[in-house]
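**Q** So here's final.cif (mmCIF, C-alpha atoms).
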```cif
data_work
loop_
_atom_site.label_atom_id
_atom_site.label_comp_id
_atom_site.auth_asym_id
_atom_site.auth_seq_id
_atom_site.Cartn_x
_atom_site.Cartn_y
_atom_site.Cartn_z
CA MET A 122 88.91 137.56 107.91
CA THR A 123 89.08 134.94 105.21
CA LEU A 124 91.25 131.87 105.17
CA SER A 125 92.41 130.56 101.86
CA LEU A 126 93.16 126.93 101.04
CA SER A 127 96.85 127.78 100.80
CA SER A 128 96.89 128.65 104.54
CA PHE A 129 95.87 125.08 105.36
CA THR A 130 98.40 123.61 102.94
CA THR A 131 101.20 125.60 104.58
CA GLN A 132 100.04 124.51 108.04
CA LEU A 133 99.99 120.86 106.92
CA GLU A 134 103.49 121.09 105.51
CA ILE A 135 104.83 122.63 108.72
CA SER A 136 103.16 120.12 111.03
CA GLU A 137 104.36 117.22 108.86
CA TYR A 138 107.94 118.46 108.54
CA ASN A 139 110.36 115.90 109.94
CA PRO A 140 113.85 117.33 110.54
CA CYS A 141 115.09 113.84 111.45
CA LEU A 142 114.68 112.79 107.80
CA ASP A 143 116.78 115.77 106.69
CA GLU A 144 119.47 114.43 109.00
CA ALA A 145 119.05 110.97 107.43
CA ILE A 146 119.65 112.43 103.96
CA ALA A 147 122.73 114.35 105.13
CA TYR A 148 124.08 111.18 106.80
CA GLY A 149 123.41 109.16 103.62
CA GLU A 150 125.27 111.72 101.47
CA PHE A 151 128.23 111.65 103.87
CA MET A 152 128.37 107.82 104.07
CA ASP A 153 127.63 107.13 100.39
CA GLY A 154 129.65 104.11 99.23
CA TYR A 155 130.99 103.15 102.67
CA ASN A 156 131.00 99.35 103.11
CA GLY A 157 129.59 99.04 99.60
CA ILE A 158 126.27 100.50 100.70
CA SER A 159 124.65 103.31 98.73
CA GLY A 160 123.79 106.71 100.21
CA ALA A 161 120.10 105.73 100.16
CA GLY A 162 120.97 102.57 102.11
CA HIS A 163 122.78 104.54 104.81
CA ALA A 164 120.00 107.15 104.89
CA PHE A 165 117.45 104.34 105.34
CA ASP A 166 119.52 102.83 108.13
CA TYR A 167 119.65 106.20 109.91
CA ALA A 168 115.92 106.79 109.40
CA ARG A 169 115.01 103.30 110.76
CA THR A 170 117.15 103.89 113.83
CA PHE A 171 116.09 107.42 114.64
CA CYS A 172 113.15 108.76 112.63
CA TYR A 173 110.11 106.40 112.48
CA MET B 97 61.46 58.61 130.77
CA ILE B 98 63.19 58.01 127.41
CA ASN B 99 62.48 61.62 126.42
CA SER B 100 64.04 63.01 129.59
CA PHE B 101 67.11 60.74 129.06
CA PHE B 102 67.63 62.15 125.57
CA THR B 103 67.08 65.72 126.79
CA THR B 104 69.70 65.26 129.53
CA LYS B 105 72.08 63.68 127.01
CA THR B 106 71.64 66.61 124.61
CA ILE B 107 72.22 69.16 127.39
CA LEU B 108 75.35 67.29 128.51
CA LYS B 109 76.62 67.17 124.92
CA TRP B 110 76.20 70.94 124.54
CA MET B 111 77.81 71.56 127.94
CA VAL B 112 80.88 69.50 126.96
CA LEU B 113 81.11 71.35 123.65
CA PHE B 114 80.76 74.74 125.38
CA LEU B 115 83.40 73.87 128.01
CA SER B 116 85.82 72.58 125.39
CA LEU B 117 85.50 75.85 123.49
CA GLN B 118 86.17 77.77 126.71
CA LEU B 119 89.18 75.65 127.62
CA TYR B 120 90.68 75.47 124.16
CA PRO B 121 90.26 78.85 122.53
CA GLN B 122 91.26 79.15 118.90
CA ASN B 123 95.04 79.39 118.62
CA GLY B 124 96.81 80.14 115.42
CA ASN B 125 99.13 82.21 113.35
CA VAL B 126 98.93 84.19 110.14
CA THR B 127 101.74 85.20 107.80
CA TYR B 128 101.31 88.54 106.04
CA SER B 129 103.16 90.10 103.13
CA ASN B 130 103.43 93.86 102.78
CA LYS B 131 102.91 95.58 99.44
CA ALA B 132 104.40 98.82 100.73
CA THR B 133 103.80 102.18 99.08
CA LEU B 134 105.18 105.67 99.67
CA SER B 135 104.43 106.96 103.16
CA SER B 136 101.99 109.88 103.47
CA TYR B 137 104.97 112.08 104.44
CA TYR B 138 106.65 111.52 101.06
CA LYS B 139 103.34 111.55 99.15
CA THR B 140 102.48 114.99 100.56
CA MET B 141 105.98 116.24 99.82
CA LYS B 142 105.83 114.87 96.25
CA GLU B 143 102.52 116.66 95.62
CA ASN B 144 103.24 119.94 97.42
CA ASN B 145 106.97 120.35 96.98
CA PRO B 146 108.31 118.27 94.04
CA SER B 147 111.71 120.00 94.07
CA LYS B 148 112.25 119.05 97.73
CA PHE B 149 111.03 115.51 97.02
CA LYS B 150 113.84 115.11 94.46
CA LYS B 151 116.27 115.11 97.39
CA PHE B 152 114.27 112.38 99.19
CA GLU B 153 113.26 110.30 96.16
CA GLN B 154 116.05 107.71 96.41
CA LEU B 155 115.48 107.18 100.14
CA ALA B 156 111.70 106.92 99.61
CA GLU B 157 112.09 104.33 96.85
CA TYR B 158 114.70 102.38 98.83
CA GLU B 159 112.32 102.30 101.80
CA VAL B 160 109.38 101.03 99.71
CA ASN B 161 111.60 98.33 98.21
CA ILE B 162 112.91 97.13 101.59
CA MET B 163 109.53 97.31 103.36
CA SER B 164 107.96 95.22 100.58
CA GLN B 165 110.47 92.46 101.25
CA ILE B 166 109.59 92.07 104.92
CA ASP B 167 107.00 89.44 105.88
CA TYR B 168 105.18 89.50 109.20
CA LYS B 169 103.64 86.97 111.52
CA LEU B 170 100.66 87.29 113.86
CA ILE B 171 100.45 84.70 116.63
CA PHE B 172 97.13 84.70 118.46
CA ASN B 173 94.79 82.97 120.87
CA ARG B 174 91.40 84.18 122.05
CA ASP B 175 92.81 86.79 124.45
CA LYS B 176 96.28 87.74 123.27
CA SER B 177 98.24 88.33 120.10
CA LEU B 178 101.77 89.17 119.05
CA PHE B 179 102.71 90.68 115.68
CA LYS B 180 106.30 90.90 114.48
CA ALA B 181 108.56 90.84 111.44
CA ILE B 182 109.85 87.47 110.30
CA ILE B 183 113.63 87.50 110.47
CA TYR B 184 115.12 85.69 107.48
CA GLY B 185 118.79 84.96 106.98
CA ASN B 186 119.18 87.61 104.25
CA GLU B 187 120.71 91.08 104.55
CA ILE B 188 117.47 92.77 105.55
CA GLY B 189 116.91 90.07 108.16
CA GLN B 190 120.36 90.68 109.57
CA ILE B 191 119.76 94.44 109.79
CA LEU B 192 116.43 93.88 111.56
CA LYS B 193 117.94 91.30 113.91
CA VAL B 194 120.95 93.38 114.87
CA LYS B 195 119.18 96.69 115.14
CA GLN B 196 115.79 95.44 116.39
CA THR B 197 114.24 98.56 114.96
CA GLU B 198 111.08 96.75 113.81
CA SER B 199 108.16 97.10 116.19
CA VAL B 200 106.64 94.13 118.06
CA PHE B 201 102.90 94.59 118.67
CA PHE B 202 101.30 93.02 121.72
CA LYS B 203 97.58 92.94 122.43
CA GLY B 204 95.61 91.59 125.37
CA PRO B 205 92.24 92.25 126.99
CA ALA B 206 93.52 95.31 128.86
CA PHE B 207 96.41 96.52 126.69
CA ASN B 208 97.38 97.24 123.10
CA TYR B 209 100.91 98.53 122.58
CA PHE B 210 104.10 98.02 120.63
CA TYR B 211 107.67 97.59 121.73
CA VAL B 212 110.43 99.22 119.76
CA ASN B 213 114.07 100.18 120.18
CA LYS B 214 114.75 103.60 118.69
CA ARG B 215 117.56 106.04 119.29
CA PHE B 216 119.20 103.24 121.35
CA LYS B 217 116.34 103.20 123.86
CA ASP B 218 113.45 100.77 124.52
CA TYR B 219 109.88 102.05 124.28
CA ASN B 220 106.44 100.59 125.02
CA VAL B 221 104.05 102.68 122.97
CA ASN B 222 100.34 102.55 123.87
CA LEU B 223 98.27 102.56 120.69
CA ALA B 224 95.40 104.97 120.17
CA PRO B 225 92.00 103.24 120.04
CA ILE B 226 90.38 102.70 116.65
CA LYS B 227 86.77 103.68 115.98
CA TRP B 228 85.36 101.14 113.51
CA GLU B 229 82.53 101.24 111.01
CA ILE B 230 81.68 97.84 109.53
CA THR B 231 80.35 97.81 105.99
CA ASN B 232 78.32 95.23 104.01
CA LYS B 233 81.08 94.78 101.44
CA SER B 234 82.55 91.30 101.42
CA LYS B 235 85.14 89.23 99.55
CA GLN B 236 86.95 85.94 99.96
CA ILE B 237 90.48 85.86 101.32
CA LEU B 238 92.17 82.45 101.52
CA SER B 239 88.70 80.82 101.35
CA TYR B 240 87.33 82.86 104.28
CA VAL B 241 84.47 85.31 103.77
CA CYS B 242 85.77 88.71 104.89
CA TYR B 243 83.94 91.96 105.58
CA LYS B 244 85.31 95.43 105.02
CA ALA B 245 85.65 97.82 107.96
CA ILE B 246 86.80 101.42 107.94
CA GLY B 247 88.62 102.60 111.02
CA LYS B 248 89.89 105.88 112.32
CA LYS B 249 92.45 106.23 115.08
CA VAL B 250 91.17 108.40 117.89
CA TYR B 251 93.98 110.74 118.87
CA ASN B 252 93.72 113.22 121.71
CA ASP B 253 95.48 115.82 119.68
CA SER B 254 94.70 116.31 116.02
CA THR B 255 98.03 115.97 114.26
CA ALA B 256 99.16 115.11 110.77
CA LEU B 257 99.33 111.40 111.67
CA ASP B 258 97.69 109.11 109.15
CA SER B 259 94.65 107.86 111.04
CA LYS B 260 92.50 106.18 108.35
CA ILE B 261 92.53 102.39 108.23
CA GLU B 262 90.87 99.85 105.97
CA ALA B 263 90.59 96.28 107.23
CA TRP B 264 89.04 93.04 106.00
CA PHE B 265 88.10 90.59 108.75
CA THR B 266 86.47 87.16 108.91
CA LYS B 267 83.83 86.17 111.45
CA GLU B 268 84.80 82.53 110.78
CA ILE B 269 87.87 82.90 113.02
CA ASN B 270 86.67 84.22 116.34
CA ALA B 271 89.71 86.24 117.42
CA PRO B 272 89.65 90.06 117.66
CA HIS B 273 93.21 90.38 116.41
CA GLY B 274 95.03 91.72 113.40
CA PRO B 275 98.35 92.99 112.09
CA LYS B 276 100.31 96.04 113.24
CA GLY B 277 98.08 96.87 116.22
CA ILE B 278 95.00 96.99 114.00
CA ASN B 279 92.40 95.00 115.90
CA ASN B 280 89.17 94.90 117.94
CA LEU B 281 86.91 93.78 115.12
CA PRO B 282 84.52 90.79 115.57
CA GLY B 283 86.90 88.39 113.80
CA LEU B 284 90.45 87.95 112.60
CA ILE B 285 91.80 90.61 110.20
CA LEU B 286 93.24 89.10 107.02
CA GLU B 287 93.96 92.29 105.08
CA ALA B 288 94.78 95.78 106.34
CA HIS B 289 95.76 99.09 104.80
CA HIS B 290 97.24 101.84 106.96
CA GLY B 291 99.54 104.54 105.63
CA SER B 292 102.33 102.95 103.61
CA TYR B 293 101.51 99.44 104.91
CA HIS B 294 99.30 97.15 102.83
CA LEU B 295 99.24 93.81 104.61
CA TYR B 296 97.83 90.67 103.00
CA ALA B 297 97.40 87.30 104.74
CA GLU B 298 99.33 84.67 102.80
CA GLU B 299 98.97 81.66 105.08
CA ILE B 300 96.81 80.75 108.08
CA ASN B 301 97.59 78.02 110.57
CA LEU B 302 94.88 77.28 113.14
CA ASP B 303 96.83 74.63 115.00
CA SER B 304 99.67 76.70 116.39
CA LYS B 305 101.43 75.86 119.64
CA GLU B 306 103.63 78.96 119.58
CA ILE B 307 103.98 80.84 122.84
CA ILE B 308 102.84 84.44 122.97
CA TYR B 309 105.53 86.16 124.98
CA LYS B 310 105.48 89.66 126.36
CA PRO B 311 107.93 92.01 124.58
CA SER B 312 110.73 93.74 126.49
CA ARG B 313 109.91 96.61 128.79
CA GLY B 314 110.66 100.18 127.92
CA GLU B 315 109.68 103.74 128.60
CA VAL B 316 105.90 104.03 128.31
CA LEU B 317 104.63 106.61 125.83
CA ASP B 318 101.40 107.08 123.96
CA GLU B 319 101.36 106.96 120.17
CA GLU B 320 101.23 110.72 119.68
CA GLU B 321 104.13 111.35 122.06
CA TYR B 322 106.17 108.68 120.29
CA PHE B 323 105.61 110.07 116.79
CA LYS B 324 106.33 113.58 118.03
CA LEU B 325 109.62 112.33 119.43
CA MET B 326 110.50 110.48 116.21
CA ARG B 327 109.80 113.60 114.18
CA SER B 328 112.20 115.69 116.21
CA ALA B 329 115.79 116.29 115.21
CA VAL B 330 118.38 114.03 116.82
CA LYS B 331 121.15 116.63 116.80
CA ASN B 332 119.76 119.23 119.21
#
```
The structure in this file should be written as structure tokens.

**A**
Amino acid sequence: MTLSLSSFTTQLEISEYNPCLDEAIAYGEFMDGYNGISGAGHAFDYARTFCY
Amino acid sequence: MINSFFTTKTILKWMVLFLSLQLYPQNGNVTYSNKATLSSYYKTMKENNPSKFKKFEQLAEYEVNIMSQIDYKLIFNRDKSLFKAIIYGNEIGQILKVKQTESVFFKGPAFNYFYVNKRFKDYNVNLAPIKWEITNKSKQILSYVCYKAIGKKVYNDSTALDSKIEAWFTKEINAPHGPKGINNLPGLILEAHHGSYHLYAEEINLDSKEIIYKPSRGEVLDEEEYFKLMRSAVKN
């Protein structure tokens, strides 16, 4: 059996995947503009509270 | 007779000096700036999956911008140290103050952990030990001669956590402390690079009277458990 480099890349991507940051993006898109804060600002706020 | 008097006087002088060093260990504080870069999570995504990164690009850039504006302070004595963000009166300061989502690192002879409040819960996270290799490379930082050391965090489980650390320490300040839980070198760390953090000492004060307090208590986790938890979805 041979293992190609792409097998390792896929494994790395899966182990690094952070669903919490997907949630942060979705939250940012939903809250974009609220209180004068951009979507990225709200996403950052979510990520700081829940994801790191 | 005269010789023995001078010998006794010299011994006494050295004893007084030794005792004074024992009683008054070096206390001080260091202010660090952070020249933040993209985290390894975003870097990997940018390289391996550029179309997905497009979605995260704004958040990633926002994060780098905010993180670069936060300064940090290390308060230390011979045995203990505390490392935390400096809360200014600006908007970022207010967010950090209200949310308390920035970690507070606490090190002593028998412990090395950080306190953080995440997902509305307090945690005390025990840091993985760092295996150091000291090199011959040296440079001056704020007039102190510093040596380069390469460290690797020793995790029980091999994960995708970023474990490589570069630190520059000075033997001229005899305190095994440093920023962000990076420590245990034979001198104070004045520059450190770990993941997206690139911390540079901006000011050193060796006459600090600040009290090193213990951070709040929380659920005890080790570093791997904590990062695993933070990488899980909230909405389960």

**Q** Kindly assemble as JSON lines a list of the chain B residues that lie within 7 Å of chain A, each paired with its nearest atom pair and their distance in Å to one decimal, using only C-alpha atoms, sorted first by chain and then by ascending residue number.

**A**
```
{"residue": "B:Tyr137", "atom": "CA", "partner": "A:Glu137", "partner_atom": "CA", "distance": 6.8}
{"residue": "B:Gln154", "atom": "CA", "partner": "A:Ala161", "partner_atom": "CA", "distance": 5.9}
{"residue": "B:Leu155", "atom": "CA", "partner": "A:Ala161", "partner_atom": "CA", "distance": 4.8}
{"residue": "B:Tyr158", "atom": "CA", "partner": "A:Ala161", "partner_atom": "CA", "distance": 6.5}
{"residue": "B:Glu159", "atom": "CA", "partner": "A:Phe165", "partner_atom": "CA", "distance": 6.6}
{"residue": "B:Thr197", "atom": "CA", "partner": "A:Thr170", "partner_atom": "CA", "distance": 6.2}
{"residue": "B:Lys214", "atom": "CA", "partner": "A:Thr170", "partner_atom": "CA", "distance": 5.4}
{"residue": "B:Arg215", "atom": "CA", "partner": "A:Phe171", "partner_atom": "CA", "distance": 5.1}
{"residue": "B:Ala256", "atom": "CA", "partner": "A:Glu137", "partner_atom": "CA", "distance": 5.9}
{"residue": "B:Met326", "atom": "CA", "partner": "A:Cys172", "partner_atom": "CA", "distance": 4.8}
{"residue": "B:Arg327", "atom": "CA", "partner": "A:Asn139", "partner_atom": "CA", "distance": 4.9}
{"residue": "B:Ser328", "atom": "CA", "partner": "A:Cys141", "partner_atom": "CA", "distance": 5.9}
{"residue": "B:Ala329", "atom": "CA", "partner": "A:Cys141", "partner_atom": "CA", "distance": 4.5}
{"residue": "B:Val330", "atom": "CA", "partner": "A:Cys141", "partner_atom": "CA", "distance": 6.3}
```

**Q** I'd like to see the residues matched by the PyMOL selection byres ((chain B and resi 285) around 6) on this file, and ideally I'd get them as a list of chain:residue names.

**A**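 For this structure, the PyMOL selection byres ((chain B and resi 285) around 6) resolves to B:Trp264, B:Phe265, B:Gly274, B:Leu284, B:Leu286, B:Glu287.
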
**Q** Convert the output of the PyMOL selection byres ((chain B and resi 238) around 8) on the shown file into explicit residues, formatted as a list of chain:residue names.

**A** B:Gln236, B:Ile237, B:Ser239, B:Tyr240, B:Ala297, B:Glu298, B:Glu299

**Q** Care to translate the PyMOL selection byres ((chain B and resi 220) around 7) into actual residues of this file, as a list in words?

**A**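 For this structure, the PyMOL selection byres ((chain B and resi 220) around 7) resolves to Tyr209, Phe210, Tyr211, Val212, Tyr219, Val221, Asn222, Arg313, Gly314, Glu315, Val316 and Leu317 of chain B.
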
**Q** Could you please determine the separation between CA of Lys169 (chain B) and CA of Glu198 (chain B) in Å, to one decimal place?

**A**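 Interatomic distance, CA of Lys169 (chain B) to CA of Glu198 (chain B): 12.5 Å.
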
**Q** What does the distance from CA of His294 (chain B) to CA of Ala271 (chain B) come to in Å, to one decimal?

**A**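 Taking CA of His294 (chain B) and CA of Ala271 (chain B), their separation equals 20.6 Å.
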
**Q** Using only C-alpha atoms and a cutoff of 9 Å, can you tell me which residues are near (86.7, 102.8, 109.4) in the file's coordinates, and write them out as a PyMOL selection string?

**A** chain B and resi 226-231+244-249+260-263

**Q** Just how far from CA of Thr140 (chain B) is CA of Ile278 (chain B), in Å to one decimal?

**A** 23.7 Å

**Q** Taking into account all atoms listed in the file, which residue in the set B:Asp253, B:Leu295, B:Ala288, B:Tyr243 is nearest to Glu268 (chain B)?

**A**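 When distances to Glu268 (chain B) are compared using all atoms listed in the file, the smallest one comes from B:Tyr243.
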